[in-house]
>>> print(open('entry.cif').read())   # mmCIF, C-alpha atoms
data_start
#
loop_
_atom_site.label_atom_id
_atom_site.label_comp_id
_atom_site.auth_asym_id
_atom_site.auth_seq_id
_atom_site.Cartn_x
_atom_site.Cartn_y
_atom_site.Cartn_z
CA MET A 15 145.23 -85.88 169.61
CA ALA A 16 145.27 -89.33 171.20
CA SER A 17 146.15 -87.77 174.53
CA MET A 18 143.23 -85.39 174.26
CA LEU A 19 140.75 -88.12 173.40
CA ASN A 20 141.99 -90.29 176.25
CA ALA A 21 141.74 -87.48 178.78
CA PRO A 22 139.89 -88.25 182.00
CA ALA A 23 136.12 -88.20 181.89
CA ASN A 24 134.34 -85.08 183.13
CA CYS A 25 137.08 -82.74 181.91
CA ILE A 26 137.52 -79.82 179.56
CA CYS A 27 140.64 -79.88 177.44
CA VAL A 28 141.80 -76.55 176.10
CA GLN A 29 144.28 -77.70 173.48
CA PRO A 30 145.79 -75.55 170.73
CA GLN A 31 146.19 -78.48 168.32
CA LYS A 32 143.97 -79.68 165.49
CA MET A 33 141.64 -82.67 165.56
CA THR A 34 142.94 -85.27 163.13
CA PHE A 35 139.56 -86.92 162.65
CA LEU A 36 137.87 -83.80 161.28
CA ALA A 37 138.27 -83.27 157.58
CA GLY A 38 139.66 -80.14 155.99
CA ILE A 39 142.30 -79.20 158.60
CA GLY A 40 145.98 -79.26 157.82
CA ALA A 41 148.84 -79.77 160.23
CA SER A 42 149.55 -76.99 162.72
CA ARG A 43 153.00 -75.65 163.41
CA GLY A 44 154.45 -73.87 166.36
CA LEU A 45 151.43 -74.36 168.59
CA GLY A 46 151.56 -74.75 172.37
CA ALA A 47 151.10 -77.80 174.55
CA THR A 48 147.89 -79.28 175.87
CA ARG A 49 146.36 -77.91 179.03
CA ILE A 50 143.82 -80.11 180.81
CA ILE A 51 141.49 -78.63 183.35
CA ASN A 52 139.92 -81.33 185.48
CA LEU A 53 136.40 -80.30 186.45
CA ASN A 54 136.43 -82.57 189.47
CA GLN A 55 139.25 -80.58 191.09
CA ARG A 56 138.51 -77.78 193.52
CA VAL A 57 138.31 -74.37 191.86
CA SER A 58 139.70 -71.41 193.76
CA SER A 59 137.10 -69.14 195.31
CA SER A 60 138.28 -66.16 193.29
CA ALA A 61 138.04 -68.07 190.00
CA MET A 62 134.60 -69.39 190.86
CA LYS A 63 133.38 -65.89 191.68
CA MET A 64 134.50 -64.80 188.22
CA MET A 65 132.73 -67.65 186.46
CA ILE A 66 129.57 -68.01 188.52
CA PRO A 67 128.39 -65.01 190.53
CA LYS A 68 127.08 -66.20 193.87
CA MET A 69 123.54 -65.29 194.82
CA SER A 70 122.35 -65.18 198.40
CA THR A 71 119.15 -66.94 199.43
CA SER A 72 116.78 -66.94 202.35
CA ALA A 73 115.48 -70.46 201.67
CA LEU A 74 114.99 -72.59 204.73
CA PRO A 75 116.56 -76.05 204.78
CA VAL A 76 114.34 -79.11 204.61
CA GLU A 77 116.83 -81.32 206.33
CA ASN A 78 115.29 -83.90 208.62
CA PRO A 79 116.57 -83.23 212.16
CA THR A 80 115.99 -86.85 213.16
CA THR A 81 118.46 -88.15 210.59
CA SER A 82 122.12 -87.60 209.86
CA LYS A 83 123.48 -84.36 208.49
CA ASN A 84 123.34 -85.49 204.86
CA LYS A 85 119.75 -86.78 204.99
CA PHE A 86 116.82 -84.82 203.58
CA ASP A 87 113.15 -85.53 204.21
CA ILE A 88 112.06 -85.15 200.58
CA PRO A 89 109.77 -87.65 198.84
CA ILE A 90 110.83 -88.05 195.21
CA MET A 91 109.05 -89.75 192.32
CA VAL A 92 111.27 -90.73 189.37
CA ASN A 93 109.43 -91.09 186.08
CA GLY A 94 111.36 -93.14 183.57
CA CYS A 95 112.66 -95.41 186.34
CA SER A 96 113.21 -98.37 184.01
CA GLY A 97 115.79 -96.45 181.96
CA LYS A 98 119.48 -96.23 182.80
CA MET A 99 119.22 -92.56 183.73
CA GLY A 100 116.22 -93.18 185.96
CA LYS A 101 117.99 -95.99 187.76
CA ALA A 102 121.09 -93.84 188.28
CA ILE A 103 118.93 -91.08 189.81
CA ILE A 104 117.20 -93.49 192.16
CA SER A 105 120.55 -94.84 193.37
CA ALA A 106 121.84 -91.29 193.91
CA ALA A 107 118.61 -90.33 195.72
CA GLU A 108 118.90 -93.28 198.10
CA ALA A 109 122.55 -92.44 198.79
CA ALA A 110 121.53 -88.85 199.62
CA GLY A 111 118.81 -90.03 201.99
CA LEU A 112 115.85 -88.92 199.89
CA ASN A 113 112.61 -90.88 200.13
CA VAL A 114 112.04 -92.59 196.77
CA VAL A 115 108.31 -93.32 196.48
CA PRO A 116 107.59 -96.79 195.06
CA VAL A 117 105.59 -95.49 192.09
CA SER A 118 106.60 -94.34 188.61
CA PHE A 119 105.03 -93.57 185.23
CA GLY A 120 105.99 -95.43 182.09
CA SER A 121 104.67 -96.55 178.73
CA ALA A 122 101.58 -98.69 178.22
CA GLN A 123 103.86 -101.68 177.68
CA GLU A 124 105.51 -101.12 181.07
CA SER A 125 102.22 -100.75 182.97
CA GLU A 126 101.97 -102.90 186.13
CA GLN A 127 105.61 -103.96 185.89
CA THR A 128 107.79 -103.80 189.00
CA VAL A 129 111.27 -102.35 188.72
CA ARG A 130 113.79 -102.98 191.47
CA VAL A 131 116.57 -100.41 191.95
CA GLY A 132 118.80 -100.83 194.98
CA THR A 133 116.52 -101.40 197.96
CA THR A 134 113.44 -99.95 196.28
CA GLU A 135 110.76 -101.82 194.34
CA ILE A 136 108.79 -99.47 192.08
CA LEU A 137 105.43 -100.16 190.48
CA VAL A 138 105.10 -98.64 187.01
CA HIS A 139 101.76 -97.14 185.98
CA GLY A 140 100.71 -96.66 182.37
CA PRO A 141 99.34 -93.49 180.74
CA SER A 142 95.67 -94.12 181.58
CA GLU A 143 96.33 -94.08 185.34
CA ARG A 144 98.66 -91.13 185.57
CA GLU A 145 96.47 -88.30 186.83
CA SER A 146 94.56 -90.20 189.51
CA THR A 147 97.78 -91.86 190.68
CA LEU A 148 99.63 -88.54 190.95
CA GLU A 149 96.76 -86.90 192.84
CA SER A 150 96.75 -89.75 195.35
CA LEU A 151 100.52 -89.56 195.77
CA LEU A 152 100.38 -85.82 196.42
CA ILE A 153 97.86 -86.41 199.21
CA LYS A 154 100.07 -89.07 200.76
CA TYR A 155 103.30 -87.12 200.19
CA PRO A 156 102.45 -83.38 200.38
CA ASN A 157 106.10 -82.39 199.77
CA LEU A 158 106.44 -84.63 196.72
CA ILE A 159 108.82 -83.63 193.92
CA VAL A 160 108.72 -85.40 190.57
CA VAL A 161 111.84 -86.05 188.50
CA ASP A 162 111.24 -86.55 184.77
CA PHE A 163 113.74 -88.44 182.62
CA THR A 164 111.40 -89.99 180.10
CA VAL A 165 111.37 -89.42 176.31
CA PRO A 166 111.25 -86.20 174.23
CA SER A 167 107.77 -86.98 172.87
CA ALA A 168 106.37 -87.02 176.43
CA VAL A 169 107.87 -83.74 177.67
CA ASN A 170 104.87 -81.48 177.09
CA ASP A 171 102.18 -83.95 178.12
CA ASN A 172 104.05 -84.78 181.32
CA ALA A 173 104.62 -81.12 182.18
CA GLU A 174 100.93 -80.36 181.64
CA LEU A 175 100.05 -83.21 183.99
CA TYR A 176 102.43 -82.04 186.74
CA CYS A 177 101.12 -78.48 186.43
CA ARG A 178 97.48 -79.55 186.37
CA VAL A 179 97.91 -81.58 189.56
CA GLY A 180 100.15 -78.91 191.10
CA VAL A 181 103.28 -80.93 191.89
CA PRO A 182 106.78 -79.39 191.65
CA PHE A 183 109.11 -81.15 189.23
CA VAL A 184 112.63 -81.38 187.87
CA MET A 185 112.63 -81.84 184.09
CA GLY A 186 115.82 -83.35 182.72
CA THR A 187 114.26 -84.78 179.56
CA THR A 188 115.35 -83.05 176.35
CA GLY A 189 113.20 -82.25 173.34
CA GLY A 190 109.55 -81.37 173.06
CA ASP A 191 108.21 -77.88 172.45
CA ARG A 192 110.36 -75.91 174.89
CA ASP A 193 108.47 -72.62 174.45
CA GLN A 194 105.22 -74.37 175.25
CA LEU A 195 106.87 -76.12 178.19
CA TYR A 196 107.88 -72.84 179.81
CA LYS A 197 104.49 -71.27 179.10
CA THR A 198 102.69 -74.21 180.72
CA VAL A 199 104.77 -73.91 183.89
CA GLU A 200 104.59 -70.13 184.00
CA ASP A 201 100.79 -70.12 183.68
CA SER A 202 100.37 -72.78 186.38
CA LYS A 203 102.70 -71.12 188.95
CA VAL A 204 104.15 -74.56 189.75
CA TYR A 205 107.78 -74.69 190.95
CA ALA A 206 110.13 -76.39 188.49
CA VAL A 207 113.78 -76.83 187.58
CA ILE A 208 114.03 -77.26 183.81
CA SER A 209 117.42 -78.10 182.36
CA PRO A 210 118.42 -80.37 179.48
CA GLN A 211 121.90 -80.54 181.05
CA MET A 212 122.10 -81.69 184.67
CA GLY A 213 125.87 -82.13 184.90
CA LYS A 214 126.94 -79.35 187.26
CA GLN A 215 130.47 -78.99 185.93
CA VAL A 216 129.31 -78.97 182.30
CA VAL A 217 126.74 -76.30 183.19
CA ALA A 218 129.52 -74.25 184.80
CA PHE A 219 131.58 -74.54 181.61
CA LEU A 220 128.61 -73.45 179.51
CA ALA A 221 127.93 -70.52 181.84
CA THR A 222 131.56 -69.45 181.43
CA MET A 223 131.18 -69.60 177.65
CA GLU A 224 128.08 -67.42 177.89
CA ILE A 225 129.93 -64.85 179.98
CA MET A 226 132.77 -64.77 177.43
CA ALA A 227 130.32 -64.36 174.55
CA GLU A 228 128.53 -61.53 176.36
CA GLN A 229 131.66 -59.64 177.36
CA PHE A 230 133.76 -60.21 174.23
CA PRO A 231 131.39 -60.31 171.23
CA GLY A 232 133.20 -60.85 167.93
CA ALA A 233 136.45 -61.95 169.61
CA PHE A 234 136.77 -64.90 167.20
CA SER A 235 135.53 -63.15 164.07
CA GLY A 236 136.91 -64.83 160.97
CA TYR A 237 137.65 -68.12 162.71
CA SER A 238 136.17 -71.36 161.41
CA LEU A 239 134.56 -73.91 163.73
CA GLN A 240 134.23 -77.67 163.57
CA VAL A 241 132.17 -79.59 166.12
CA MET A 242 132.01 -83.28 166.92
CA GLU A 243 129.70 -84.82 169.52
CA SER A 244 129.53 -88.52 170.37
CA HIS A 245 126.75 -90.15 172.40
CA GLN A 246 125.38 -93.65 172.83
CA ALA A 247 123.60 -95.03 169.77
CA SER A 248 120.19 -94.70 171.47
CA LYS A 249 120.46 -90.87 171.48
CA LEU A 250 118.93 -89.85 168.17
CA ASP A 251 118.83 -86.07 168.54
CA THR A 252 121.66 -83.54 168.56
CA SER A 253 122.99 -82.58 171.98
CA GLY A 254 121.34 -79.49 173.44
CA THR A 255 124.60 -78.67 175.20
CA ALA A 256 126.46 -78.66 171.87
CA LYS A 257 123.87 -76.30 170.42
CA ALA A 258 124.22 -73.97 173.41
CA VAL A 259 128.03 -73.87 173.14
CA ILE A 260 127.81 -73.24 169.40
CA SER A 261 125.41 -70.35 170.08
CA CYS A 262 128.14 -68.79 172.22
CA PHE A 263 130.70 -69.18 169.44
CA GLN A 264 128.27 -67.54 167.03
CA LYS A 265 128.05 -64.53 169.36
CA LEU A 266 131.86 -64.51 169.43
CA GLY A 267 131.77 -63.96 165.67
CA VAL A 268 132.10 -67.51 164.32
CA PRO A 269 129.71 -68.47 161.51
CA PHE A 270 128.30 -71.99 161.95
CA ASP A 271 125.13 -73.86 161.02
CA MET A 272 123.80 -76.50 163.41
CA ASP A 273 123.55 -79.06 160.61
CA GLN A 274 127.35 -78.93 160.34
CA ILE A 275 127.72 -80.76 163.68
CA GLN A 276 129.42 -84.12 163.19
CA LEU A 277 127.30 -86.66 165.06
CA ILE A 278 129.03 -89.91 166.02
CA ARG A 279 126.64 -92.71 166.95
CA ASP A 280 128.42 -95.74 165.50
CA PRO A 281 130.10 -97.74 168.31
CA GLN A 282 133.05 -98.75 166.13
CA GLN A 283 133.81 -95.13 165.24
CA GLN A 284 133.43 -94.18 168.89
CA LEU A 285 136.03 -96.76 169.87
CA GLU A 286 138.55 -96.15 167.11
CA MET A 287 138.15 -92.48 166.22
CA VAL A 288 136.86 -90.79 169.37
CA GLY A 289 138.48 -92.97 172.03
CA VAL A 290 135.38 -93.81 174.07
CA PRO A 291 136.12 -96.62 176.57
CA GLU A 292 134.30 -99.76 175.50
CA GLU A 293 132.49 -100.10 178.82
CA HIS A 294 130.94 -96.66 178.30
CA LEU A 295 129.69 -97.05 174.73
CA SER A 296 126.16 -97.40 176.10
CA GLY A 297 126.40 -94.18 178.15
CA HIS A 298 128.74 -91.30 177.33
CA ALA A 299 128.88 -87.72 176.06
CA PHE A 300 132.07 -86.58 174.29
CA HIS A 301 132.06 -83.05 172.84
CA MET A 302 134.88 -81.37 170.92
CA TYR A 303 134.92 -77.84 169.47
CA HIS A 304 137.80 -76.82 167.17
CA LEU A 305 138.49 -73.22 166.16
CA THR A 306 140.98 -72.22 163.43
CA SER A 307 142.16 -68.75 162.45
CA PRO A 308 141.73 -67.56 158.85
CA ASP A 309 145.44 -68.05 158.05
CA GLN A 310 145.57 -71.48 159.76
CA THR A 311 148.29 -70.35 162.21
CA VAL A 312 146.20 -70.30 165.40
CA SER A 313 144.03 -73.07 166.77
CA PHE A 314 141.83 -73.44 169.87
CA GLU A 315 140.13 -76.59 171.07
CA PHE A 316 137.57 -77.16 173.81
CA GLN A 317 136.60 -80.63 174.95
CA HIS A 318 134.41 -82.14 177.65
CA ASN A 319 134.11 -85.91 178.04
CA VAL A 320 131.59 -87.63 180.28
CA CYS A 321 131.54 -91.39 180.83
CA GLY A 322 128.53 -92.89 182.57
CA ARG A 323 125.59 -91.07 184.14
CA SER A 324 126.67 -90.28 187.69
CA ILE A 325 127.44 -86.62 186.91
CA TYR A 326 123.83 -86.12 185.74
CA ALA A 327 122.30 -88.13 188.58
CA GLU A 328 124.18 -86.16 191.26
CA GLY A 329 123.23 -82.87 189.63
CA THR A 330 119.60 -83.95 189.53
CA ILE A 331 119.58 -84.69 193.25
CA ASP A 332 121.09 -81.26 193.95
CA ALA A 333 118.30 -79.77 191.82
CA VAL A 334 115.66 -81.67 193.84
CA ILE A 335 117.06 -80.41 197.16
CA PHE A 336 117.33 -76.88 195.75
CA LEU A 337 113.72 -76.95 194.52
CA ALA A 338 112.41 -78.33 197.82
CA LYS A 339 113.95 -75.34 199.58
CA LYS A 340 112.35 -72.91 197.14
CA VAL A 341 108.94 -74.51 197.63
CA HIS A 342 109.38 -74.47 201.40
CA SER A 343 110.30 -70.77 201.45
CA LYS A 344 107.54 -69.85 198.96
CA THR A 345 109.83 -67.78 196.75
CA ASP A 346 108.21 -65.61 194.08
CA LYS A 347 110.31 -67.05 191.28
CA ARG A 348 108.94 -70.41 190.14
CA ILE A 349 111.02 -71.56 187.15
CA TYR A 350 114.72 -72.34 187.60
CA ASP A 351 117.56 -74.02 185.75
CA MET A 352 120.85 -75.62 186.76
CA ARG A 353 122.65 -72.29 186.74
CA ASP A 354 120.36 -71.21 189.58
CA VAL A 355 121.30 -74.39 191.43
CA LEU A 356 124.99 -73.60 190.93
CA ARG A 357 124.61 -70.02 192.10
CA GLU A 358 122.96 -71.19 195.29
CA GLY A 359 126.26 -72.75 196.33
CA ASN A 360 124.74 -75.49 198.51
CA MET A 361 125.68 -78.49 196.41
CA ARG A 362 126.76 -81.64 198.19
#
>>> encode(input="entry.cif", output="structure tokens")
Amino acid sequence: MASMLNAPANCICVQPQKMTFLAGIGASRGLGATRIINLNQRVSSSAMKMMIPKMSTSALPVENPTTSKNKFDIPIMVNGCSGKMGKAIISAAEAAGLNVVPVSFGSAQESEQTVRVGTTEILVHGPSERESTLESLLIKYPNLIVVDFTVPSAVNDNAELYCRVGVPFVMGTTGGDRDQLYKTVEDSKVYAVISPQMGKQVVAFLATMEIMAEQFPGAFSGYSLQVMESHQASKLDTSGTAKAVISCFQKLGVPFDMDQIQLIRDPQQQLEMVGVPEEHLSGHAFHMYHLTSPDQTVSFEFQHNVCGRSIYAEGTIDAVIFLAKKVHSKTDKRIYDMRDVLREGNMR
């Protein structure tokens, strides 16, 4: 188990052994060895075609011909810039050559504060100034795309603002009324990428689980499932990714209630029980799913560990570039998610 918990970040471990920190599981006998699949390694083209069907596109690139090959002439506004995720996105945007506009939205307490990230100084505007500020920005930057990594309670209000003004956006914030969110965007005809999970490799894993659930329903009938997810103490809600994976297991025939998820938010438990590196206690996502056969003779385990926020920041920038191309080519479809970004196949 220790080897599984100390596996490299950004990996899925498929390990037919039992998790010692989950109650109610006895020792396994005669089970195979651990197999670690590193998501950062190159996947063969044939395997990728099986997992993620490629979809052709006629979108025109928005690359700036006056800059280097990796530079894109896309103005980007990052709301939630004072948070760790917002700062990571701004750093990734600058590295990709995107034009980070020096304006962001925040809380009333943050209004008129200046946040410096890398080479960019950003002025934060409070709630009362949002609409007029966004309208002015859209006039100055006609190709503006907004990135939203704020708080769950602001999801619907922010989306309504973006749609009312008519600015395309990438929504990475979790929570809110998701049905209302999609209805707001659909009614407005605004282009948007909406995804609670921006990590490209994690999205690919989830897409693979969905394919398995669709093609082999009931394959794990009779199996029991235990789930543990560990995130930084500031994350109060249950991971949307964990819920999505569990939904796949349910379709595979495994009974499980979402309130059975074991949430780990205590830093001491994360260090001692889960194996989170101390330097990543303030930003990590460790998920483990353990399946056991009815007679306790067969065990499956799936794990994906993420340390830091770079995987989400890079995925967000890919989503911005993807969305800019869709806006430029005036595609009929307006609402996308990270699976659409993956299928496009133009990630950096």
>>> closest_residue(input="entry.cif", among="A:His304, A:Lys265, A:His342, A:His245", to="Leu285 (chain A)", atoms="only C-alpha atoms")
A:His245
>>> atom_distance(input="entry.cif", atom1="CA of Val288 (chain A)", atom2="CA of Ser244 (chain A)")
7.7 Å
>>> resolve_selection(input="entry.cif", expression="the PyMOL selection byres ((chain A and resi 93) around 6)", output="number ranges by chain")
A: 92, 94-95, 118-119, 162
>>> residues_near_point(input="entry.cif", point="(113.7, -84.3, 177.9)", cutoff="8 Å", atoms="only C-alpha atoms", output="PDB file with C-alpha atoms, in the coordinates of the input")
ATOM      1  CA  ASP A 162     111.240 -86.550 184.770  1.00  0.00           C
ATOM      2  CA  PHE A 163     113.740 -88.440 182.620  1.00  0.00           C
ATOM      3  CA  THR A 164     111.400 -89.990 180.100  1.00  0.00           C
ATOM      4  CA  VAL A 165     111.370 -89.420 176.310  1.00  0.00           C
ATOM      5  CA  PRO A 166     111.250 -86.200 174.230  1.00  0.00           C
ATOM      6  CA  ALA A 168     106.370 -87.020 176.430  1.00  0.00           C
ATOM      7  CA  VAL A 169     107.870 -83.740 177.670  1.00  0.00           C
ATOM      8  CA  MET A 185     112.630 -81.840 184.090  1.00  0.00           C
ATOM      9  CA  GLY A 186     115.820 -83.350 182.720  1.00  0.00           C
ATOM     10  CA  THR A 187     114.260 -84.780 179.560  1.00  0.00           C
ATOM     11  CA  THR A 188     115.350 -83.050 176.350  1.00  0.00           C
ATOM     12  CA  GLY A 189     113.200 -82.250 173.340  1.00  0.00           C
ATOM     13  CA  GLY A 190     109.550 -81.370 173.060  1.00  0.00           C
ATOM     14  CA  PRO A 210     118.420 -80.370 179.480  1.00  0.00           C
TER      15      PRO A 210
END
>>> closest_residue(input="entry.cif", among="A:Val114, A:Ala299, A:Asp191, A:Phe230", to="Ser167 (chain A)", atoms="only C-alpha atoms")
A:Asp191
>>> closest_residue(input="entry.cif", among="A:Leu220, A:Ile349, A:Val160, A:Cys262", to="Ala233 (chain A)", atoms="all atoms listed in the file")
A:Cys262
>>> closest_residue(input="entry.cif", among="A:Arg348, A:Gln215, A:Asp171, A:Tyr237", to="Thr311 (chain A)", atoms="all atoms listed in the file")
A:Tyr237
>>> resolve_selection(input="entry.cif", expression="the PyMOL selection byres ((chain A and resi 274-281) around 10)", output="JSON list (two decimals) with C-alpha atoms, in the frame of the given file")
[["chain", "number", "residue", "atom", "x", "y", "z"],
["A", 36, "LEU", "CA", 137.87, -83.80, 161.28],
["A", 239, "LEU", "CA", 134.56, -73.91, 163.73],
["A", 240, "GLN", "CA", 134.23, -77.67, 163.57],
["A", 241, "VAL", "CA", 132.17, -79.59, 166.12],
["A", 242, "MET", "CA", 132.01, -83.28, 166.92],
["A", 243, "GLU", "CA", 129.70, -84.82, 169.52],
["A", 244, "SER", "CA", 129.53, -88.52, 170.37],
["A", 245, "HIS", "CA", 126.75, -90.15, 172.40],
["A", 246, "GLN", "CA", 125.38, -93.65, 172.83],
["A", 247, "ALA", "CA", 123.60, -95.03, 169.77],
["A", 248, "SER", "CA", 120.19, -94.70, 171.47],
["A", 249, "LYS", "CA", 120.46, -90.87, 171.48],
["A", 250, "LEU", "CA", 118.93, -89.85, 168.17],
["A", 251, "ASP", "CA", 118.83, -86.07, 168.54],
["A", 252, "THR", "CA", 121.66, -83.54, 168.56],
["A", 253, "SER", "CA", 122.99, -82.58, 171.98],
["A", 256, "ALA", "CA", 126.46, -78.66, 171.87],
["A", 257, "LYS", "CA", 123.87, -76.30, 170.42],
["A", 260, "ILE", "CA", 127.81, -73.24, 169.40],
["A", 270, "PHE", "CA", 128.30, -71.99, 161.95],
["A", 271, "ASP", "CA", 125.13, -73.86, 161.02],
["A", 272, "MET", "CA", 123.80, -76.50, 163.41],
["A", 273, "ASP", "CA", 123.55, -79.06, 160.61],
["A", 282, "GLN", "CA", 133.05, -98.75, 166.13],
["A", 283, "GLN", "CA", 133.81, -95.13, 165.24],
["A", 284, "GLN", "CA", 133.43, -94.18, 168.89],
["A", 285, "LEU", "CA", 136.03, -96.76, 169.87],
["A", 286, "GLU", "CA", 138.55, -96.15, 167.11],
["A", 287, "MET", "CA", 138.15, -92.48, 166.22],
["A", 288, "VAL", "CA", 136.86, -90.79, 169.37],
["A", 290, "VAL", "CA", 135.38, -93.81, 174.07],
["A", 292, "GLU", "CA", 134.30, -99.76, 175.50],
["A", 295, "LEU", "CA", 129.69, -97.05, 174.73],
["A", 296, "SER", "CA", 126.16, -97.40, 176.10],
["A", 300, "PHE", "CA", 132.07, -86.58, 174.29],
["A", 301, "HIS", "CA", 132.06, -83.05, 172.84],
["A", 302, "MET", "CA", 134.88, -81.37, 170.92],
["A", 303, "TYR", "CA", 134.92, -77.84, 169.47]]
>>> resolve_selection(input="entry.cif", expression="the PyMOL selection byres ((chain A and resi 134-136) around 9)", output="PyMOL selection string")
chain A and resi 95+104+108+114-118+127-133+137-138
>>> atom_distance(input="entry.cif", atom1="CA of Ala221 (chain A)", atom2="CA of Gln264 (chain A)")
15.1 Å
>>> atom_distance(input="entry.cif", atom1="CA of Val207 (chain A)", atom2="CA of Met352 (chain A)")
7.2 Å
>>> residues_around(input="entry.cif", residues="Gly213 (chain A)", least_positions_apart="4", cutoff="9 Å", atoms="all atoms listed in the file", output="list in words")
Val217, Ala218, Arg323, Ser324, Ile325, Tyr326, Ala327, Glu328, Gly329, Thr330 and Met352 of chain A
>>> closest_residue(input="entry.cif", among="A:Gly140, A:Met91, A:Gln229, A:Asp193", to="Tyr176 (chain A)", atoms="all atoms listed in the file")
A:Met91
>>> closest_residue(input="entry.cif", among="A:Ser343, A:Leu175, A:Tyr350, A:Asn319", to="Thr147 (chain A)", atoms="all atoms listed in the file")
A:Leu175
>>> residues_near_point(input="entry.cif", point="(112.0, -99.3, 179.0)", cutoff="9 Å", atoms="all atoms listed in the file", output="list in words")
Gly94, Cys95, Ser96, Gly97, Lys98, Gly120, Ser121, Gln123 and Glu124 of chain A
>>> decode(input="entry.cif", residues="region 82-120 of chain A", atoms="C-alpha atoms", output="PDB file, in the first residue's frame")
ATOM      1  CA  SER A  82       6.722  32.734 -32.261  1.00  0.00           C
ATOM      2  CA  LYS A  83       5.025  29.468 -33.072  1.00  0.00           C
ATOM      3  CA  ASN A  84       3.737  28.917 -29.530  1.00  0.00           C
ATOM      4  CA  LYS A  85       2.247  32.403 -29.101  1.00  0.00           C
ATOM      5  CA  PHE A  86      -1.467  33.103 -29.407  1.00  0.00           C
ATOM      6  CA  ASP A  87      -3.078  36.510 -29.731  1.00  0.00           C
ATOM      7  CA  ILE A  88      -5.842  35.873 -27.191  1.00  0.00           C
ATOM      8  CA  PRO A  89      -6.752  38.361 -24.445  1.00  0.00           C
ATOM      9  CA  ILE A  90      -7.687  36.487 -21.270  1.00  0.00           C
ATOM     10  CA  MET A  91      -9.316  37.760 -18.085  1.00  0.00           C
ATOM     11  CA  VAL A  92      -8.832  35.551 -15.006  1.00  0.00           C
ATOM     12  CA  ASN A  93     -11.472  36.000 -12.325  1.00  0.00           C
ATOM     13  CA  GLY A  94     -10.328  34.751  -8.960  1.00  0.00           C
ATOM     14  CA  CYS A  95      -6.782  35.948  -9.649  1.00  0.00           C
ATOM     15  CA  SER A  96      -5.907  36.302  -5.961  1.00  0.00           C
ATOM     16  CA  GLY A  97      -6.414  32.575  -5.344  1.00  0.00           C
ATOM     17  CA  LYS A  98      -3.761  29.924  -5.874  1.00  0.00           C
ATOM     18  CA  MET A  99      -5.568  28.473  -8.874  1.00  0.00           C
ATOM     19  CA  GLY A 100      -5.994  31.888 -10.463  1.00  0.00           C
ATOM     20  CA  LYS A 101      -2.318  32.674 -10.031  1.00  0.00           C
ATOM     21  CA  ALA A 102      -1.314  29.322 -11.533  1.00  0.00           C
ATOM     22  CA  ILE A 103      -3.510  30.024 -14.588  1.00  0.00           C
ATOM     23  CA  ILE A 104      -2.032  33.481 -15.078  1.00  0.00           C
ATOM     24  CA  SER A 105       1.505  32.056 -14.955  1.00  0.00           C
ATOM     25  CA  ALA A 106       0.557  29.351 -17.473  1.00  0.00           C
ATOM     26  CA  ALA A 107      -1.138  31.940 -19.718  1.00  0.00           C
ATOM     27  CA  GLU A 108       1.957  34.136 -19.755  1.00  0.00           C
ATOM     28  CA  ALA A 109       4.152  31.130 -20.549  1.00  0.00           C
ATOM     29  CA  ALA A 110       1.852  30.273 -23.475  1.00  0.00           C
ATOM     30  CA  GLY A 111       1.999  33.821 -24.813  1.00  0.00           C
ATOM     31  CA  LEU A 112      -1.602  34.758 -24.055  1.00  0.00           C
ATOM     32  CA  ASN A 113      -2.414  38.380 -23.281  1.00  0.00           C
ATOM     33  CA  VAL A 114      -3.502  38.562 -19.629  1.00  0.00           C
ATOM     34  CA  VAL A 115      -5.608  41.703 -19.216  1.00  0.00           C
ATOM     35  CA  PRO A 116      -4.794  43.633 -16.023  1.00  0.00           C
ATOM     36  CA  VAL A 117      -8.328  43.427 -14.628  1.00  0.00           C
ATOM     37  CA  SER A 118     -10.118  40.814 -12.522  1.00  0.00           C
ATOM     38  CA  PHE A 119     -13.283  40.409 -10.452  1.00  0.00           C
ATOM     39  CA  GLY A 120     -13.194  39.577  -6.769  1.00  0.00           C
TER      40      GLY A 120
END
